[in-house]
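Structure data follow from upload.cif (mmCIF, C-alpha atoms and all ligand atoms):
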data_data
loop_
_atom_site.label_atom_id
_atom_site.label_comp_id
_atom_site.auth_asym_id
_atom_site.auth_seq_id
_atom_site.Cartn_x
_atom_site.Cartn_y
_atom_site.Cartn_z
CA MET H 1 -93.34 32.60 91.85
CA SER H 2 -95.18 29.99 93.97
CA GLU H 3 -93.62 26.57 94.43
CA PRO H 4 -94.33 24.06 91.65
CA LEU H 5 -96.34 20.89 91.71
CA VAL H 6 -93.65 18.22 91.36
CA VAL H 7 -94.04 14.70 90.00
CA VAL H 8 -91.35 12.10 90.64
CA GLY H 9 -91.46 9.59 87.81
CA ALA H 10 -92.07 10.12 84.09
CA SER H 11 -93.65 6.77 83.32
CA VAL H 12 -97.24 6.23 82.26
CA ALA H 13 -98.73 7.36 85.59
CA GLY H 14 -96.69 10.56 85.93
CA ILE H 15 -97.09 11.67 82.31
CA ARG H 16 -100.81 10.96 82.26
CA LEU H 17 -101.24 12.89 85.50
CA VAL H 18 -99.63 16.09 84.25
CA GLY H 19 -101.44 16.01 80.89
CA THR H 20 -104.77 15.56 82.70
CA LEU H 21 -104.01 18.44 85.08
CA ARG H 22 -103.54 20.79 82.13
CA ARG H 23 -106.71 19.49 80.48
CA TYR H 24 -108.57 20.36 83.70
CA GLY H 25 -107.20 23.89 83.37
CA VAL H 26 -104.76 23.73 86.29
CA GLN H 27 -102.31 26.60 85.74
CA THR H 28 -99.75 25.81 88.49
CA ARG H 29 -96.12 25.46 87.48
CA ILE H 30 -95.40 21.73 87.00
CA VAL H 31 -92.03 19.94 87.13
CA VAL H 32 -91.58 16.24 86.28
CA VAL H 33 -88.33 14.51 87.26
CA ASP H 34 -87.07 11.02 86.47
CA ALA H 35 -83.87 9.11 87.16
CA GLU H 36 -83.77 7.59 83.64
CA GLY H 37 -82.37 9.45 80.66
CA GLY H 38 -84.01 9.91 77.25
CA ASP H 39 -87.67 10.62 76.57
CA PRO H 40 -90.37 9.11 78.77
CA TYR H 41 -91.67 5.89 77.21
CA ASP H 42 -94.40 3.32 77.63
CA LYS H 43 -93.56 -0.14 78.96
CA PRO H 44 -96.15 -2.72 77.79
CA GLN H 45 -94.28 -3.59 74.57
CA LEU H 46 -90.95 -4.16 76.34
CA SER H 47 -91.87 -7.73 77.23
CA LYS H 48 -93.85 -8.37 74.05
CA GLN H 49 -93.39 -7.04 70.51
CA LEU H 50 -90.15 -5.18 71.18
CA LEU H 51 -88.39 -8.49 71.85
CA LEU H 52 -89.47 -9.78 68.44
CA ASP H 53 -89.07 -6.75 66.18
CA GLU H 54 -86.07 -6.59 63.87
CA ARG H 55 -85.97 -2.85 64.46
CA PRO H 56 -87.32 -2.34 67.94
CA THR H 57 -89.16 0.88 68.54
CA VAL H 58 -90.25 2.20 71.85
CA GLN H 59 -93.50 4.06 72.33
CA THR H 60 -92.65 7.57 73.52
CA LEU H 61 -95.10 9.04 76.04
CA ALA H 62 -93.91 12.63 75.71
CA THR H 63 -90.86 14.71 74.87
CA THR H 64 -89.31 17.74 76.50
CA SER H 65 -90.81 19.93 73.77
CA SER H 66 -94.27 18.34 73.76
CA LEU H 67 -94.47 18.90 77.52
CA ALA H 68 -93.01 22.41 77.22
CA ARG H 69 -95.96 23.31 74.98
CA ASP H 70 -98.13 22.56 78.01
CA ARG H 71 -95.71 24.55 80.22
CA ILE H 72 -94.54 21.38 81.95
CA GLU H 73 -90.84 21.21 82.77
CA LEU H 74 -89.25 17.77 82.27
CA ARG H 75 -85.98 16.91 83.97
CA MET H 76 -84.70 13.47 82.94
CA SER H 77 -81.51 11.86 84.39
CA CYS H 78 -82.50 13.63 87.56
CA PRO H 79 -82.99 11.17 90.43
CA ALA H 80 -84.89 12.18 93.54
CA THR H 81 -82.53 11.45 96.41
CA GLY H 82 -84.37 12.67 99.50
CA LEU H 83 -87.49 14.31 100.85
CA ASP H 84 -88.40 16.58 103.74
CA PRO H 85 -92.21 16.34 103.84
CA GLU H 86 -92.58 18.89 106.65
CA ALA H 87 -90.56 21.54 104.84
CA HIS H 88 -92.10 20.56 101.48
CA VAL H 89 -88.67 20.15 99.92
CA LEU H 90 -87.60 17.41 97.53
CA GLU H 91 -83.91 16.68 97.05
CA LEU H 92 -82.68 16.07 93.50
CA ASN H 93 -79.16 14.71 93.38
CA GLY H 94 -78.53 16.58 96.60
CA ARG H 95 -80.09 19.89 95.41
CA PRO H 96 -83.31 21.16 97.01
CA LEU H 97 -86.52 21.66 95.05
CA PRO H 98 -89.36 23.13 97.12
CA TYR H 99 -92.84 22.00 96.07
CA SER H 100 -96.42 22.93 96.77
CA GLN H 101 -97.81 19.46 96.01
CA LEU H 102 -95.81 16.30 95.36
CA VAL H 103 -96.90 13.21 93.43
CA LEU H 104 -94.77 10.10 93.79
CA ALA H 105 -94.92 7.98 90.64
CA CYS H 106 -91.47 6.45 90.91
CA GLY H 107 -92.51 2.88 90.18
CA SER H 108 -90.84 -0.37 91.13
CA ARG H 109 -87.77 -2.44 90.34
CA PRO H 110 -87.52 -6.17 89.66
CA ARG H 111 -86.76 -8.42 92.61
CA THR H 112 -83.57 -10.36 92.22
CA LEU H 113 -82.22 -13.67 93.49
CA PRO H 114 -79.05 -13.06 95.55
CA SER H 115 -77.19 -16.14 94.31
CA PHE H 116 -77.74 -14.99 90.69
CA ASP H 117 -76.41 -11.47 91.20
CA GLY H 118 -73.47 -10.62 88.99
CA VAL H 119 -73.69 -13.84 86.95
CA ALA H 120 -73.30 -13.29 83.20
CA GLY H 121 -76.40 -14.53 81.39
CA VAL H 122 -78.86 -13.52 84.13
CA LEU H 123 -81.20 -10.65 83.23
CA THR H 124 -84.23 -8.85 84.60
CA LEU H 125 -86.68 -6.80 82.56
CA ARG H 126 -87.99 -3.40 83.49
CA THR H 127 -86.50 -0.67 81.33
CA HIS H 128 -85.99 -0.10 77.64
CA ARG H 129 -82.30 -0.80 78.14
CA ASP H 130 -83.14 -4.16 79.81
CA ALA H 131 -85.42 -5.06 76.89
CA VAL H 132 -82.75 -4.28 74.30
CA ALA H 133 -80.22 -6.40 76.23
CA LEU H 134 -82.69 -9.28 76.42
CA ARG H 135 -83.61 -8.98 72.76
CA THR H 136 -79.93 -9.12 71.81
CA ALA H 137 -79.33 -12.16 74.04
CA LEU H 138 -82.34 -14.02 72.58
CA ARG H 139 -81.08 -13.59 69.02
CA ASP H 140 -78.49 -16.35 69.63
CA ARG H 141 -81.30 -18.77 70.62
CA PRO H 142 -79.68 -19.72 73.93
CA GLN H 143 -81.14 -22.30 76.29
CA VAL H 144 -83.53 -20.07 78.24
CA ALA H 145 -84.79 -20.50 81.78
CA VAL H 146 -87.52 -18.16 82.88
CA ILE H 147 -87.58 -17.89 86.66
CA GLY H 148 -91.07 -16.86 87.76
CA GLY H 149 -94.20 -17.68 85.78
CA GLY H 150 -95.92 -14.31 86.23
CA LEU H 151 -96.73 -11.99 83.35
CA ILE H 152 -93.08 -11.06 82.71
CA GLY H 153 -92.06 -14.74 82.68
CA CYS H 154 -94.95 -15.79 80.43
CA GLU H 155 -94.47 -12.98 77.92
CA VAL H 156 -90.70 -13.45 77.75
CA ALA H 157 -91.12 -17.23 77.37
CA ALA H 158 -93.53 -16.67 74.47
CA ALA H 159 -91.10 -14.28 72.77
CA ALA H 160 -88.17 -16.65 73.28
CA ARG H 161 -90.13 -19.54 71.76
CA ALA H 162 -91.21 -17.37 68.84
CA LEU H 163 -87.52 -16.70 68.20
CA GLY H 164 -86.78 -20.43 68.32
CA ALA H 165 -85.00 -20.66 71.67
CA PRO H 166 -85.60 -23.67 73.93
CA VAL H 167 -87.43 -22.53 77.07
CA VAL H 168 -88.01 -23.90 80.56
CA MET H 169 -90.37 -21.96 82.82
CA LEU H 170 -89.75 -22.32 86.55
CA GLU H 171 -92.63 -21.10 88.69
CA ALA H 172 -92.60 -21.41 92.48
CA GLY H 173 -96.38 -21.43 92.80
CA GLU H 174 -99.04 -23.90 91.69
CA ARG H 175 -99.96 -22.12 88.47
CA LEU H 176 -98.81 -19.62 85.89
CA ALA H 177 -99.80 -15.97 86.31
CA GLY H 178 -101.24 -16.90 89.68
CA ARG H 179 -101.49 -13.31 90.88
CA VAL H 180 -103.91 -12.53 88.06
CA LEU H 181 -105.48 -15.76 86.82
CA ALA H 182 -107.71 -18.28 88.55
CA PRO H 183 -106.84 -21.99 88.21
CA GLU H 184 -108.95 -22.67 85.08
CA PRO H 185 -107.51 -19.98 82.78
CA ALA H 186 -104.06 -20.51 84.31
CA GLU H 187 -104.22 -24.17 83.30
CA ARG H 188 -105.20 -23.16 79.81
CA LEU H 189 -102.24 -20.77 79.74
CA ARG H 190 -99.93 -23.59 80.81
CA MET H 191 -101.23 -25.70 77.93
CA LEU H 192 -100.70 -22.81 75.53
CA HIS H 193 -97.04 -22.61 76.52
CA GLU H 194 -96.58 -26.36 76.27
CA GLU H 195 -98.27 -26.46 72.84
CA HIS H 196 -95.63 -23.97 71.72
CA GLY H 197 -92.82 -26.09 73.02
CA ALA H 198 -92.00 -24.44 76.35
CA GLU H 199 -91.43 -26.76 79.28
CA VAL H 200 -93.43 -25.61 82.30
CA ARG H 201 -92.34 -26.64 85.78
CA LEU H 202 -94.69 -25.61 88.56
CA GLN H 203 -93.79 -25.64 92.27
CA ALA H 204 -90.18 -25.39 91.20
CA ALA H 205 -87.94 -24.12 93.99
CA VAL H 206 -84.81 -22.51 92.59
CA THR H 207 -81.83 -22.80 94.92
CA ARG H 208 -78.82 -21.39 93.09
CA ALA H 209 -77.15 -20.58 89.81
CA ARG H 210 -74.62 -22.99 88.35
CA THR H 211 -71.80 -21.12 86.68
CA GLN H 212 -68.54 -21.72 84.88
CA PRO H 213 -65.72 -19.28 84.17
CA ILE H 214 -65.67 -18.53 80.45
CA ASP H 215 -63.10 -16.00 79.20
CA GLY H 216 -62.61 -14.85 82.77
CA VAL H 217 -66.34 -14.25 83.35
CA GLU H 218 -68.62 -16.36 85.57
CA ARG H 219 -71.30 -17.44 83.08
CA LEU H 220 -74.58 -19.17 83.78
CA THR H 221 -74.67 -22.85 82.82
CA GLY H 222 -77.68 -24.06 84.77
CA ILE H 223 -80.16 -23.59 87.56
CA GLU H 224 -80.21 -25.84 90.56
CA LEU H 225 -83.59 -26.76 92.04
CA SER H 226 -84.29 -27.91 95.58
CA ASP H 227 -85.13 -31.43 94.36
CA GLY H 228 -81.46 -31.78 93.43
CA THR H 229 -81.96 -31.51 89.68
CA THR H 230 -80.25 -28.92 87.51
CA VAL H 231 -81.94 -27.25 84.55
CA PRO H 232 -79.33 -26.40 81.89
CA ALA H 233 -79.53 -22.70 80.98
CA GLU H 234 -77.35 -20.18 79.18
CA LEU H 235 -79.77 -17.31 79.74
CA ALA H 236 -82.05 -16.78 82.74
CA ILE H 237 -84.68 -14.09 83.02
CA VAL H 238 -85.69 -13.44 86.60
CA GLY H 239 -89.32 -12.30 86.74
CA ILE H 240 -90.28 -12.89 90.35
CA GLY H 241 -92.14 -9.68 91.08
CA THR H 242 -91.07 -6.17 91.96
CA ASN H 243 -90.14 -3.95 94.90
CA PRO H 244 -91.48 -0.39 94.98
CA VAL H 245 -88.76 2.27 94.65
CA THR H 246 -88.87 3.75 98.15
CA HIS H 247 -85.24 3.42 99.34
CA TRP H 248 -84.71 7.16 98.79
CA LEU H 249 -87.58 7.92 101.18
CA ASP H 250 -86.06 5.96 104.09
CA GLY H 251 -86.06 7.97 107.30
CA CYS H 252 -88.03 10.92 105.89
CA GLY H 253 -90.96 10.26 108.20
CA MET H 254 -93.40 8.90 105.64
CA ARG H 255 -95.23 5.67 106.24
CA ILE H 256 -93.58 3.09 103.97
CA ALA H 257 -94.53 -0.60 103.96
CA GLU H 258 -94.03 -2.35 100.63
CA GLY H 259 -94.83 0.95 98.97
CA VAL H 260 -95.93 4.43 100.01
CA CYS H 261 -98.93 3.88 102.30
CA CYS H 262 -101.87 5.93 101.08
CA ASP H 263 -105.46 6.42 102.11
CA ALA H 264 -108.37 5.42 99.89
CA ALA H 265 -107.95 8.64 97.90
CA LEU H 266 -104.25 7.92 97.19
CA ARG H 267 -103.00 10.58 99.63
CA ALA H 268 -99.81 9.54 101.39
CA GLN H 269 -100.49 8.97 105.06
CA ASP H 270 -99.01 10.95 107.98
CA VAL H 271 -97.87 13.80 105.68
CA THR H 272 -99.58 16.60 103.80
CA ASP H 273 -99.66 17.47 100.10
CA ILE H 274 -98.15 14.17 98.93
CA TRP H 275 -99.86 11.61 96.73
CA ALA H 276 -98.69 8.32 95.26
CA ILE H 277 -99.76 6.59 92.04
CA GLY H 278 -98.68 3.58 90.03
CA ASP H 279 -96.50 0.71 91.28
CA VAL H 280 -95.11 2.68 94.24
CA ALA H 281 -98.51 3.34 95.81
CA ARG H 282 -99.90 0.98 98.42
CA TRP H 283 -103.35 2.29 99.11
CA TRP H 284 -106.31 1.44 101.27
CA ASN H 285 -108.91 -0.31 99.14
CA ASN H 286 -112.32 0.33 100.67
CA ASP H 287 -113.94 -2.55 98.79
CA LEU H 288 -111.39 -5.13 99.96
CA ALA H 289 -110.78 -3.48 103.35
CA GLU H 290 -107.02 -3.91 102.97
CA TYR H 291 -103.98 -2.16 101.53
CA VAL H 292 -103.22 -3.13 97.94
CA ARG H 293 -100.55 -2.33 95.41
CA PHE H 294 -101.69 -2.47 91.80
CA GLU H 295 -98.90 -3.00 89.32
CA HIS H 296 -100.75 -2.76 86.06
CA TRP H 297 -100.74 -0.25 83.26
CA THR H 298 -104.49 0.44 83.25
CA GLY H 299 -104.54 0.88 87.03
CA ALA H 300 -101.64 3.35 86.87
CA ARG H 301 -103.49 5.45 84.29
CA GLU H 302 -106.70 5.36 86.32
CA GLN H 303 -104.86 6.40 89.47
CA ALA H 304 -103.24 9.28 87.59
CA ALA H 305 -106.62 10.49 86.34
CA PHE H 306 -108.10 10.16 89.83
CA VAL H 307 -105.33 12.19 91.52
CA ALA H 308 -105.37 14.80 88.75
CA LYS H 309 -109.05 15.31 89.42
CA ALA H 310 -108.40 15.77 93.14
CA LEU H 311 -105.51 18.18 92.53
CA ALA H 312 -107.70 20.16 90.16
CA GLY H 313 -110.15 20.65 92.99
CA ARG H 314 -112.83 18.46 91.47
CA GLU H 315 -114.64 16.27 93.87
CA THR H 316 -113.28 12.78 94.46
CA THR H 317 -114.17 10.26 97.10
CA SER H 318 -112.19 7.03 97.08
CA PHE H 319 -110.35 5.27 94.29
CA ARG H 320 -112.48 2.25 93.35
CA PRO H 321 -111.14 0.68 90.18
CA ILE H 322 -112.17 -2.52 88.50
CA PRO H 323 -108.80 -4.23 87.90
CA TYR H 324 -107.95 -4.90 84.27
CA VAL H 325 -104.88 -6.57 82.79
CA TRP H 326 -104.03 -7.76 79.33
CA SER H 327 -101.20 -9.83 77.89
CA ASP H 328 -100.19 -11.04 74.45
CA GLN H 329 -98.57 -14.46 74.27
CA TYR H 330 -98.05 -16.49 71.04
CA ALA H 331 -100.41 -14.09 69.25
CA VAL H 332 -103.14 -14.92 71.76
CA HIS H 333 -104.70 -11.87 73.41
CA ILE H 334 -105.43 -12.60 77.06
CA GLN H 335 -107.51 -10.21 79.14
CA HIS H 336 -108.56 -10.29 82.73
CA ALA H 337 -110.96 -7.94 84.50
CA GLY H 338 -112.44 -7.85 87.96
CA THR H 339 -111.69 -10.39 90.64
CA THR H 340 -112.05 -14.12 91.10
CA ASP H 341 -111.76 -14.04 94.90
CA GLY H 342 -114.64 -15.83 96.51
CA ALA H 343 -116.12 -16.96 93.20
CA ASP H 344 -118.59 -19.83 93.67
CA GLN H 345 -119.21 -20.45 89.97
CA VAL H 346 -117.00 -20.54 86.89
CA GLU H 347 -118.49 -20.70 83.43
CA TYR H 348 -116.70 -21.00 80.10
CA VAL H 349 -118.30 -19.59 76.98
CA GLY H 350 -116.31 -20.11 73.85
CA ASN H 351 -115.89 -21.28 70.36
CA GLY H 352 -112.71 -23.25 69.75
CA ALA H 353 -109.67 -21.30 70.93
CA ARG H 354 -111.69 -18.11 71.52
CA GLY H 355 -113.66 -17.72 74.67
CA ARG H 356 -113.98 -16.40 78.17
CA TYR H 357 -114.26 -17.66 81.71
CA THR H 358 -116.72 -15.75 83.84
CA PHE H 359 -116.53 -15.89 87.61
CA SER H 360 -119.61 -15.29 89.76
CA ARG H 361 -120.31 -14.90 93.44
CA GLU H 362 -123.84 -15.40 94.71
CA GLY H 363 -125.19 -15.07 91.19
CA GLN H 364 -123.31 -11.88 90.34
CA VAL H 365 -120.49 -11.80 87.81
CA ILE H 366 -117.33 -10.52 89.51
CA GLY H 367 -114.55 -11.37 87.06
CA VAL H 368 -113.77 -12.43 83.52
CA THR H 369 -110.74 -13.87 81.75
CA GLY H 370 -110.77 -13.97 77.96
CA PHE H 371 -108.62 -15.68 75.38
CA ASP H 372 -108.88 -13.88 72.04
CA ASP H 373 -112.35 -12.70 72.99
CA PRO H 374 -112.19 -8.90 73.40
CA ALA H 375 -115.85 -8.37 72.54
CA GLY H 376 -116.97 -10.96 75.09
CA VAL H 377 -114.71 -9.51 77.78
CA LEU H 378 -115.91 -5.99 77.06
CA ALA H 379 -119.53 -7.05 77.39
CA VAL H 380 -118.84 -8.58 80.80
CA ARG H 381 -116.79 -5.58 81.94
CA ARG H 382 -119.67 -3.31 81.11
CA SER H 383 -122.00 -5.43 83.20
CA PHE H 384 -119.91 -5.13 86.36
CA ARG H 385 -121.71 -3.31 89.10
CA ARG H 386 -119.58 -0.97 91.11
P1 LIG E 401 -95.52 -11.28 89.21
O1 LIG E 401 -96.69 -11.08 88.33
O2 LIG E 401 -95.61 -10.90 90.63
O3 LIG E 401 -95.10 -12.80 89.07
C1 LIG E 401 -93.96 -13.33 89.67
C2 LIG E 401 -94.11 -14.82 89.79
O4 LIG E 401 -92.87 -15.37 90.18
C3 LIG E 401 -95.14 -15.22 90.83
O5 LIG E 401 -95.96 -16.23 90.31
C4 LIG E 401 -94.28 -15.74 91.96
O6 LIG E 401 -94.88 -16.76 92.70
C5 LIG E 401 -93.10 -16.32 91.21
N1 LIG E 401 -91.90 -16.43 92.02
C6 LIG E 401 -91.53 -15.68 93.09
N2 LIG E 401 -90.32 -16.08 93.56
C7 LIG E 401 -89.94 -17.12 92.77
C8 LIG E 401 -88.79 -17.95 92.72
N3 LIG E 401 -87.79 -17.80 93.59
N4 LIG E 401 -88.73 -18.93 91.78
C9 LIG E 401 -89.74 -19.07 90.88
N5 LIG E 401 -90.85 -18.32 90.88
C10 LIG E 401 -90.94 -17.34 91.78
O7 LIG E 401 -94.26 -10.44 88.69
P2 LIG E 401 -93.50 -10.35 87.26
O8 LIG E 401 -94.00 -11.38 86.31
O9 LIG E 401 -92.06 -10.30 87.64
O10 LIG E 401 -93.94 -8.95 86.72
C11 LIG E 401 -93.53 -7.75 87.41
C12 LIG E 401 -94.66 -6.74 87.35
O11 LIG E 401 -94.85 -6.30 86.04
C13 LIG E 401 -95.95 -7.33 87.82
O12 LIG E 401 -96.64 -6.40 88.57
C14 LIG E 401 -96.68 -7.60 86.55
O13 LIG E 401 -98.07 -7.58 86.71
C15 LIG E 401 -96.19 -6.47 85.68
N6 LIG E 401 -96.30 -6.87 84.26
C16 LIG E 401 -97.50 -6.76 83.69
C17 LIG E 401 -97.66 -7.17 82.39
C18 LIG E 401 -99.00 -7.04 81.78
O14 LIG E 401 -99.88 -6.39 82.37
N7 LIG E 401 -99.21 -7.64 80.61
C19 LIG E 401 -96.59 -7.69 81.68
C20 LIG E 401 -95.37 -7.80 82.30
C21 LIG E 401 -95.24 -7.39 83.61
P3 LIG E 401 -95.64 -16.40 94.05
O15 LIG E 401 -96.80 -15.57 93.65
O16 LIG E 401 -95.98 -17.74 94.57
O17 LIG E 401 -94.66 -15.62 94.88
#
Go through the file and emit its structure as structure tokens.
Amino acid sequence: MSEPLVVVGASVAGIRLVGTLRRYGVQTRIVVVDAEGGDPYDKPQLSKQLLLDERPTVQTLATTSSLARDRIELRMSCPATGLDPEAHVLELNGRPLPYSQLVLACGSRPRTLPSFDGVAGVLTLRTHRDAVALRTALRDRPQVAVIGGGLIGCEVAAAARALGAPVVMLEAGERLAGRVLAPEPAERLRMLHEEHGAEVRLQAAVTRARTQPIDGVERLTGIELSDGTTVPAELAIVGIGTNPVTHWLDGCGMRIAEGVCCDAALRAQDVTDIWAIGDVARWWNNDLAEYVRFEHWTGAREQAAFVAKALAGRETTSFRPIPYVWSDQYAVHIQHAGTTDGADQVEYVGNGARGRYTFSREGQVIGVTGFDDPAGVLAVRRSFRR
């Protein structure tokens, strides 16, 4: 039997990839491995509805039997521990698995703050298990500090407020969700949080955790900032970005720099028959003329579809997505598509709380951010010229 096509990572990118391969009629043996146990699941609700639900449910992406029907072998609790790209051999918990083609979809892990490591009451959010732990902790309505005002921080803050917990948001940058939103919608987002009772502190530099031994455990009591003040906190959620999961590839000869470096078609560089998709991929974006790492659900699915097409032998050139992100906070549906870089005009079209900001460069619309305006955002997205 010829060597299988192997996918490392059973999250949205990996599962979408293998399903698409079968839909294209690819007959090769396929094996999907993942370090986590249980069935593969989707992540968007982990920082949103799952934190609020009395009976939290997780959206399953596939099961062993649903994949088996497509002749796809799923091996969960099976971490990839090494790779020999020249020999085309993946190592799974020390055991070799030869492959014909390899797709790395092993994602990313939350960054942490060293002085907060090991402190009781400090959590990060990435997995279902993390979400359940956070949900349980929020039920006691502790004093919450959200460190990082990105999408994780904003969504967790909204959930904590909805559950009645006091919340302080500590963002190092000048605005909330700064990696996605331009100043105007970011300011509106800040107001939304404040209207719902969250305290938002921008340009807040966190220095260390304040702790106190309680029942023999060092528990969080506050967060010290560089201006000398301390924010009281019983629960801190650290949402300060992610690191791609590449430690297991160290020394294997692949080019790794804040992700697996890929060409514009998502092929890993300096090796053959290896691709990367999702959070772990850092790929050359022809439009921006730089390497980028997309960490969003829609982008992961688009990358999976793109690589599936290439593996199926259908023609592909370069991956040229139009970025799209959505978030739900306080029952407000926020969407962002395109870019705002280099915009020379911002226009707001809206009616009360519903509306959208459109961003133009030299008369051409390049980006849109909507608040409860899916139809308006869709219309603008359709108008984007590739
Ligand atoms: P993120 O979007 O990168 O935001 C992290 C924020 O934390 C940034 O604004 C960053 O500021 C700030 N920060 C960094 N160090 C800090 C510090 N020491 N103190 C205070 N603030 C600090 O990352 P994330 O919110 O952790 O989310 C992780 C990933 O999951 C992201 O890729 C995100 O897009 C994704 N996610 C997506 C959704 C969605 O699509 N709805 C929801 C949740 C998560 P600087 O930029 O100035 O460093």
Within 6 Å of Gly82 of chain H using only C-alpha atoms, minus same-chain residues under 6 positions, as a list of chain:residue names:
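Final neighbour list, sorted by chain and number: H:Glu91, H:Trp248, H:Leu249.
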Show me which residues line ligand LIG 401 (chain E), defined as having an atom within 8 Å of a ligand atom where all atoms listed in the file count, and present them as a PDB file with C-alpha atoms, in the frame of the given file.
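Final file, out.pdb:
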ATOM      1  CA  PRO H  44     -96.150  -2.720  77.790  1.00  0.00           C
ATOM      2  CA  SER H  47     -91.870  -7.730  77.230  1.00  0.00           C
ATOM      3  CA  PRO H 110     -87.520  -6.170  89.660  1.00  0.00           C
ATOM      4  CA  ARG H 111     -86.760  -8.420  92.610  1.00  0.00           C
ATOM      5  CA  LEU H 113     -82.220 -13.670  93.490  1.00  0.00           C
ATOM      6  CA  ARG H 126     -87.990  -3.400  83.490  1.00  0.00           C
ATOM      7  CA  ILE H 147     -87.580 -17.890  86.660  1.00  0.00           C
ATOM      8  CA  GLY H 148     -91.070 -16.860  87.760  1.00  0.00           C
ATOM      9  CA  GLY H 149     -94.200 -17.680  85.780  1.00  0.00           C
ATOM     10  CA  GLY H 150     -95.920 -14.310  86.230  1.00  0.00           C
ATOM     11  CA  LEU H 151     -96.730 -11.990  83.350  1.00  0.00           C
ATOM     12  CA  ILE H 152     -93.080 -11.060  82.710  1.00  0.00           C
ATOM     13  CA  GLY H 153     -92.060 -14.740  82.680  1.00  0.00           C
ATOM     14  CA  CYS H 154     -94.950 -15.790  80.430  1.00  0.00           C
ATOM     15  CA  GLU H 155     -94.470 -12.980  77.920  1.00  0.00           C
ATOM     16  CA  LEU H 170     -89.750 -22.320  86.550  1.00  0.00           C
ATOM     17  CA  GLU H 171     -92.630 -21.100  88.690  1.00  0.00           C
ATOM     18  CA  ALA H 172     -92.600 -21.410  92.480  1.00  0.00           C
ATOM     19  CA  GLY H 173     -96.380 -21.430  92.800  1.00  0.00           C
ATOM     20  CA  GLU H 174     -99.040 -23.900  91.690  1.00  0.00           C
ATOM     21  CA  ARG H 175     -99.960 -22.120  88.470  1.00  0.00           C
ATOM     22  CA  LEU H 176     -98.810 -19.620  85.890  1.00  0.00           C
ATOM     23  CA  ALA H 177     -99.800 -15.970  86.310  1.00  0.00           C
ATOM     24  CA  GLY H 178    -101.240 -16.900  89.680  1.00  0.00           C
ATOM     25  CA  ARG H 179    -101.490 -13.310  90.880  1.00  0.00           C
ATOM     26  CA  VAL H 180    -103.910 -12.530  88.060  1.00  0.00           C
ATOM     27  CA  GLN H 203     -93.790 -25.640  92.270  1.00  0.00           C
ATOM     28  CA  ALA H 204     -90.180 -25.390  91.200  1.00  0.00           C
ATOM     29  CA  ALA H 205     -87.940 -24.120  93.990  1.00  0.00           C
ATOM     30  CA  VAL H 206     -84.810 -22.510  92.590  1.00  0.00           C
ATOM     31  CA  THR H 207     -81.830 -22.800  94.920  1.00  0.00           C
ATOM     32  CA  VAL H 238     -85.690 -13.440  86.600  1.00  0.00           C
ATOM     33  CA  GLY H 239     -89.320 -12.300  86.740  1.00  0.00           C
ATOM     34  CA  ILE H 240     -90.280 -12.890  90.350  1.00  0.00           C
ATOM     35  CA  GLY H 241     -92.140  -9.680  91.080  1.00  0.00           C
ATOM     36  CA  THR H 242     -91.070  -6.170  91.960  1.00  0.00           C
ATOM     37  CA  ASP H 279     -96.500   0.710  91.280  1.00  0.00           C
ATOM     38  CA  PHE H 294    -101.690  -2.470  91.800  1.00  0.00           C
ATOM     39  CA  GLU H 295     -98.900  -3.000  89.320  1.00  0.00           C
ATOM     40  CA  HIS H 296    -100.750  -2.760  86.060  1.00  0.00           C
ATOM     41  CA  TRP H 297    -100.740  -0.250  83.260  1.00  0.00           C
ATOM     42  CA  VAL H 325    -104.880  -6.570  82.790  1.00  0.00           C
ATOM     43  CA  TRP H 326    -104.030  -7.760  79.330  1.00  0.00           C
ATOM     44  CA  SER H 327    -101.200  -9.830  77.890  1.00  0.00           C
ATOM     45  CA  ASP H 328    -100.190 -11.040  74.450  1.00  0.00           C
TER      46      ASP H 328
END
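Ranking H:Arg208, H:Ala343, H:Leu52, H:Ala375 by their shortest atom-to-atom distance to Gly363 of chain H, with all atoms listed in the file included, puts H:Ala343 first.
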Using only C-alpha atoms, pick whichever of H:Val380, H:Cys78, H:Leu21, H:Ala87 has the shortest atom-to-atom distance to Glu36 of chain H.
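For Glu36 of chain H, the nearest of the given residues is H:Cys78.
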Find the spatial neighbours of Tyr330 of chain H, counting only C-alpha atoms, within a cut-off of 12 Å - ignore same-chain residues fewer than 3 positions away - and output them as a list in words.
Lys48, Gln49, Leu52, Cys154, Glu155, Val156, Ala157, Ala158, Ala159, Ala160, Arg161, Ala162, Leu163, Leu189, Met191, Leu192, His193, Glu194, Glu195, His196, Gly197, Ala198, Ser327, His333, Ile334, Phe371 and Asp372 of chain H
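For the pair atom CA of Glu224 of chain H and atom CA of Ser115 of chain H, the separation is 10.8 Å.
Put simply, atom CA of Leu225 of chain H is 22.3 Å away from atom CA of Leu125 of chain H.
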Nearest to Ala264 of chain H, chosen from H:Cys252, H:Val26, H:Ala289, H:Val103, with only C-alpha atoms counted in the distances:
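For Ala264 of chain H, the nearest of the given residues is H:Ala289.
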In terms of the shortest atom-to-atom distance over all atoms listed in the file, which of H:Val6, H:Ile72, H:Ala276, H:Val346 is closest to Gln364 of chain H?
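Of H:Val6, H:Ile72, H:Ala276, H:Val346, the one nearest Gln364 of chain H, counting all atoms listed in the file, is H:Val346.
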Point-to-point distance from atom CA of Thr272 of chain H to atom CA of Ala105 of chain H, Å rounded to tenths:
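Interatomic distance here is 16.4 Å.
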Please identify all polymer residues within 9 Å of Gly38 of chain H, counting all atoms listed in the file, omitting same-chain residues fewer than 5 positions from it, and present them as a ChimeraX atom specification.
/H:63,76-77
